[in-house]
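Here is work_17.txt, consisting of compact mmCIF, C-alpha atoms:
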```txt
# COMPACT_ATOMS: atom_id res chain seq x y z
CA ALA Z 13 144.92 130.48 81.30
CA ALA Z 14 147.93 131.34 79.19
CA SER Z 15 147.53 135.04 79.90
CA MET Z 16 147.53 134.37 83.65
CA GLN Z 17 150.90 132.62 83.73
CA SER Z 18 153.14 135.70 83.88
CA GLY Z 19 151.09 137.28 86.68
CA LEU Z 20 151.10 134.06 88.67
CA ALA Z 21 154.86 133.68 88.18
CA TYR Z 22 155.33 137.18 89.62
CA LEU Z 23 153.21 136.32 92.64
CA ASP Z 24 155.03 133.03 93.12
CA ASP Z 25 158.34 134.87 93.43
CA TYR Z 26 157.03 137.72 95.60
CA PRO Z 27 159.46 137.89 98.51
CA TYR Z 28 157.28 139.06 101.41
CA LEU Z 29 154.95 136.84 103.37
CA CYS Z 30 152.86 138.79 105.82
CA MET Z 31 149.35 137.35 106.06
CA GLU Z 32 147.86 139.94 103.69
CA GLN Z 33 150.47 139.10 101.05
CA THR Z 34 149.97 135.38 101.61
CA ILE Z 35 146.27 135.78 100.83
CA SER Z 36 146.97 138.17 97.96
CA ARG Z 37 149.12 135.42 96.35
CA PHE Z 38 146.70 132.68 97.35
CA LEU Z 39 143.51 134.19 95.89
CA PRO Z 40 144.73 134.51 92.28
CA ASN Z 41 145.89 130.88 92.43
CA VAL Z 42 142.48 129.78 93.73
CA ILE Z 43 140.58 131.83 91.13
CA THR Z 44 142.83 130.64 88.30
CA SER Z 45 142.32 127.05 89.41
CA ARG Z 46 138.56 127.61 89.36
CA ALA Z 47 138.79 129.13 85.86
CA LEU Z 48 140.83 126.17 84.58
CA LYS Z 49 138.35 123.68 86.03
CA SER Z 50 135.41 125.63 84.57
CA ALA Z 51 137.10 125.55 81.17
CA GLY Z 52 137.66 121.80 81.50
CA ILE Z 53 141.43 122.18 81.76
CA GLY Z 54 142.08 120.43 85.05
CA SER Z 55 145.11 118.20 84.71
CA THR Z 56 147.77 120.52 83.33
CA ALA Z 57 151.19 121.28 84.74
CA MET Z 58 149.83 124.73 85.52
CA GLN Z 59 147.01 123.20 87.61
CA LYS Z 60 149.51 121.07 89.51
CA GLY Z 61 151.60 124.15 90.24
CA LEU Z 62 148.53 126.04 91.42
CA ASP Z 63 147.53 123.18 93.69
CA ALA Z 64 151.01 123.10 95.21
CA GLN Z 65 150.94 126.87 95.83
CA VAL Z 66 147.47 126.69 97.36
CA GLN Z 67 148.44 123.84 99.67
CA SER Z 68 151.58 125.69 100.78
CA ALA Z 69 149.56 128.83 101.52
CA LEU Z 70 146.92 126.83 103.40
CA GLN Z 71 149.60 125.37 105.67
CA ARG Z 72 150.89 128.88 106.39
CA ILE Z 73 147.35 130.14 107.06
CA TYR Z 74 146.61 127.26 109.41
CA ALA Z 75 149.90 127.71 111.27
CA LYS Z 76 149.40 131.46 111.76
CA GLN Z 77 145.87 131.33 113.16
CA HIS Z 78 145.75 132.72 116.69
CA TYR Z 79 144.12 131.11 119.72
CA ASP Z 80 141.12 133.47 119.34
CA GLY Z 81 140.48 132.32 115.77
CA GLY Z 82 141.85 135.42 114.04
CA TRP Z 83 145.07 136.35 112.27
CA ASN Z 84 147.50 139.24 112.50
CA TRP Z 85 149.14 141.17 109.68
CA TRP Z 86 152.56 139.83 110.68
CA ASP Z 87 153.33 137.67 113.68
CA GLY Z 88 151.95 139.89 116.43
CA ASP Z 89 150.01 138.62 119.39
CA LYS Z 90 146.75 140.42 118.71
CA SER Z 91 144.44 139.39 115.89
CA ASP Z 92 143.47 142.06 113.38
CA LEU Z 93 139.85 142.22 112.18
CA GLN Z 94 140.58 143.34 108.59
CA THR Z 95 143.32 140.76 108.11
CA SER Z 96 141.17 138.04 109.65
CA ALA Z 97 138.24 138.88 107.37
CA TYR Z 98 140.55 138.77 104.34
CA VAL Z 99 141.90 135.36 105.37
CA VAL Z 100 138.41 133.96 105.96
CA TYR Z 101 137.34 135.35 102.57
CA GLY Z 102 140.29 133.56 100.99
CA LEU Z 103 139.34 130.30 102.68
CA ILE Z 104 135.75 130.65 101.47
CA GLU Z 105 136.95 131.26 97.91
CA ALA Z 106 139.28 128.26 98.10
CA GLN Z 107 136.46 126.07 99.36
CA ALA Z 108 134.19 127.32 96.54
CA SER Z 109 136.96 126.40 94.10
CA GLY Z 110 136.98 122.80 95.28
CA TYR Z 111 139.87 122.83 97.74
CA ASP Z 112 139.58 120.96 101.02
CA ILE Z 113 139.66 123.53 103.80
CA SER Z 114 140.03 122.75 107.48
CA ALA Z 115 136.51 123.12 108.87
CA ASN Z 116 137.99 123.85 112.30
CA VAL Z 117 140.19 126.69 111.03
CA LEU Z 118 137.35 128.20 109.00
CA ASN Z 119 134.84 127.92 111.87
CA ASN Z 120 137.30 129.47 114.32
CA GLY Z 121 137.88 132.33 111.87
CA LEU Z 122 134.16 132.87 111.40
CA ASN Z 123 133.61 132.81 115.17
CA TYR Z 124 136.34 135.45 115.55
CA LEU Z 125 134.64 137.67 112.98
CA THR Z 126 131.20 137.19 114.54
CA ARG Z 127 132.51 138.09 118.00
CA ASN Z 128 134.37 141.14 116.71
CA VAL Z 129 131.96 142.87 114.33
CA PRO Z 130 132.40 146.50 115.38
CA ASP Z 131 129.58 148.28 117.12
CA LEU Z 132 129.58 151.34 114.87
CA LYS Z 133 128.60 154.79 116.02
CA ARG Z 134 127.22 157.63 113.92
CA ASN Z 135 130.46 159.61 113.92
CA ASP Z 136 132.87 156.76 113.16
CA ALA Z 137 135.23 157.25 110.23
CA THR Z 138 134.50 156.02 106.71
CA TRP Z 139 137.26 153.42 106.97
CA GLN Z 140 135.53 151.90 110.01
CA TYR Z 141 132.26 151.63 108.11
CA ASN Z 142 134.05 150.18 105.07
CA ARG Z 143 135.86 147.60 107.17
CA THR Z 144 132.61 146.58 108.84
CA ALA Z 145 130.86 146.25 105.46
CA PHE Z 146 133.63 143.91 104.30
CA VAL Z 147 133.35 141.80 107.47
CA LEU Z 148 129.57 141.59 107.00
CA TYR Z 149 130.06 140.54 103.38
CA VAL Z 150 132.46 137.76 104.42
CA LEU Z 151 129.98 136.56 107.05
CA ALA Z 152 127.21 136.62 104.44
CA ARG Z 153 129.33 134.52 102.06
CA ALA Z 154 129.60 131.93 104.83
CA ASP Z 155 125.87 132.05 105.65
CA GLN Z 156 126.74 133.47 109.08
CA LEU Z 157 125.07 136.88 108.76
CA ASN Z 158 121.75 137.89 110.27
CA ALA Z 159 119.66 140.61 108.66
CA SER Z 160 119.69 142.56 111.94
CA GLN Z 161 123.47 142.94 111.65
CA VAL Z 162 123.16 145.14 108.55
CA ASN Z 163 120.43 147.48 109.81
CA PHE Z 164 122.61 150.16 111.39
CA ILE Z 165 125.18 150.25 108.62
CA TYR Z 166 122.43 150.38 105.99
CA GLU Z 167 120.73 153.27 107.79
CA HIS Z 168 124.10 155.10 107.80
CA ARG Z 169 125.22 154.01 104.33
CA THR Z 170 126.19 157.60 103.47
CA SER Z 171 129.15 157.01 105.83
CA LEU Z 172 130.46 154.27 103.50
CA GLY Z 173 132.91 154.76 100.67
CA LEU Z 174 132.06 153.29 97.27
CA TYR Z 175 133.68 149.94 97.92
CA GLY Z 176 132.02 149.75 101.35
CA LYS Z 177 128.67 150.33 99.67
CA ALA Z 178 129.49 147.58 97.18
CA TYR Z 179 130.28 145.11 99.98
CA LEU Z 180 127.11 146.07 101.84
CA ALA Z 181 125.04 145.63 98.68
CA GLN Z 182 126.57 142.19 98.07
CA ALA Z 183 125.92 141.15 101.68
CA MET Z 184 122.32 142.28 101.43
CA ASN Z 185 121.90 140.48 98.10
CA ILE Z 186 123.15 137.26 99.70
CA LEU Z 187 120.74 137.75 102.61
CA ASP Z 188 117.89 138.35 100.18
CA ALA Z 189 118.75 135.18 98.24
CA GLN Z 190 118.79 133.18 101.48
CA ASP Z 191 115.25 134.36 102.30
CA GLU Z 192 113.86 133.06 99.00
```
Take the structure from the file and write it as structure tokens.
Amino acid sequence: AASMQSGLAYLDDYPYLCMEQTISRFLPNVITSRALKSAGIGSTAMQKGLDAQVQSALQRIYAKQHYDGGWNWWDGDKSDLQTSAYVVYGLIEAQASGYDISANVLNNGLNYLTRNVPDLKRNDATWQYNRTAFVLYVLARADQLNASQVNFIYEHRTSLGLYGKAYLAQAMNILDAQDE
């Protein structure tokens, strides 16, 4: 916990607040909070500061959700799939760390992702495959992924970069665990 303080202080003072940066500040706070709780260090001043930062970020996340359930990088009208998946991932991590998350906001975000999973084609770019693998991983983390959704991307896994393959493997591992 002590080694995390300087990094968290840097993130706390980071001046930009697009949605990606909001989540990139939010996630370390959530993970640090989880680590403190796991270590039995739950009522420190550091924990109180983390909780305040998480609550502030949650209010920003809730306020920036679009009517379609997604989020944009900045304040644009159209939701962005990658940004939305990152936000939903952050909400899932926060929930797993014991934070109360708006079920409505999370469900709307998951519905947005489900409706917007790209219909990949054989000749799509690696980044499109990687983005889709991340979205599928996020849906798997929320128990919202069907095995049929990974078939095409698995068959064309050579189109994925290394991190896309890692997300696909994690999604498939979650699916496999659900079947047991």
Practice problem: Determine, counting only C-alpha atoms, which protein, DNA and RNA residues have an atom within 10 Å of an atom of Gln161 (chain Z); residues of the same chain fewer than 5 positions away are not included. Present the result as number ranges by chain. | Solution: Z: 129, 131, 148, 166
Self-check item: Selected residue of minimal separation from Ile104 (chain Z) among Z:Lys90, Z:Lys60, Z:His78, Z:Arg153, counting all atoms listed in the file
Solution: Z:Arg153
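Considering all atoms listed in the file, the residue among Z:Asn142, Z:Gln182, Z:Gln67, Z:Gln107 positioned nearest to Gln94 (chain Z) is Z:Asn142.
Non-sequential neighbours of Asn120 (chain Z) (distance at most 8 Å, separation of 5 or more positions within a chain, only C-alpha atoms) are Z:Asp80, Z:Gly81, Z:Gly82.
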Exercise. In Å, rounded to a single decimal, give me how far CA of Asp89 (chain Z) is from CA of Gly121 (chain Z).
Key: 15.6 Å
Practice problem: Tell me, as a ChimeraX atom specification, which residues lie within 6 Å of region 170-176 of chain Z, counting all atoms listed in the file; anything in the same chain fewer than 6 positions away does not count. | Solution: /Z:138,141-142,145
Quiz prompt | Atom-to-atom span, CA of Arg72 (chain Z) and CA of Arg46 (chain Z), Å | solution =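 These atoms are spaced 21.1 Å apart.
Those residues that approach Leu93 (chain Z) to within 8 Å, counting all atoms listed in the file, are Gly82, Trp83, Ser96, Ala97, Leu125 and Asn128 of chain Z; same-chain residues fewer than 3 positions away are not listed.
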Exercise. Figure out the distance between CA of Cys30 (chain Z) and CA of Trp86 (chain Z), please, to one decimal in Å.
Key: 5.0 Å
Self-check item: Top pick for closest residue to Ala159 (chain Z), considering Z:Ala57, Z:Ala47, Z:Ala178, Z:Ala189 and counting only C-alpha atoms
Solution: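 Going through Z:Ala57, Z:Ala47, Z:Ala178, Z:Ala189 one by one, the smallest distance to Ala159 (chain Z) is for Z:Ala189.
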Report as a CSV table (one decimal) with C-alpha atoms, in the coordinates of the input all protein, DNA and RNA residues lying within 12 Å of Ala64 (chain Z), evaluated on all atoms listed in the file, omitting residues in the same chain fewer than 2 positions from it.
```csv
chain,number,residue,atom,x,y,z
Z,24,ASP,CA,155.0,133.0,93.1
Z,38,PHE,CA,146.7,132.7,97.4
Z,41,ASN,CA,145.9,130.9,92.4
Z,42,VAL,CA,142.5,129.8,93.7
Z,45,SER,CA,142.3,127.0,89.4
Z,57,ALA,CA,151.2,121.3,84.7
Z,58,MET,CA,149.8,124.7,85.5
Z,59,GLN,CA,147.0,123.2,87.6
Z,60,LYS,CA,149.5,121.1,89.5
Z,61,GLY,CA,151.6,124.2,90.2
Z,62,LEU,CA,148.5,126.0,91.4
Z,66,VAL,CA,147.5,126.7,97.4
Z,67,GLN,CA,148.4,123.8,99.7
Z,68,SER,CA,151.6,125.7,100.8
Z,69,ALA,CA,149.6,128.8,101.5
Z,70,LEU,CA,146.9,126.8,103.4
Z,71,GLN,CA,149.6,125.4,105.7
Z,111,TYR,CA,139.9,122.8,97.7
```
Self-check item: Among the residues Z:Thr95, Z:Asn163, Z:Gln156, Z:Gln77, the one that comes closest to Asn116 (chain Z) [using only C-alpha atoms]
Solution: Z:Gln77
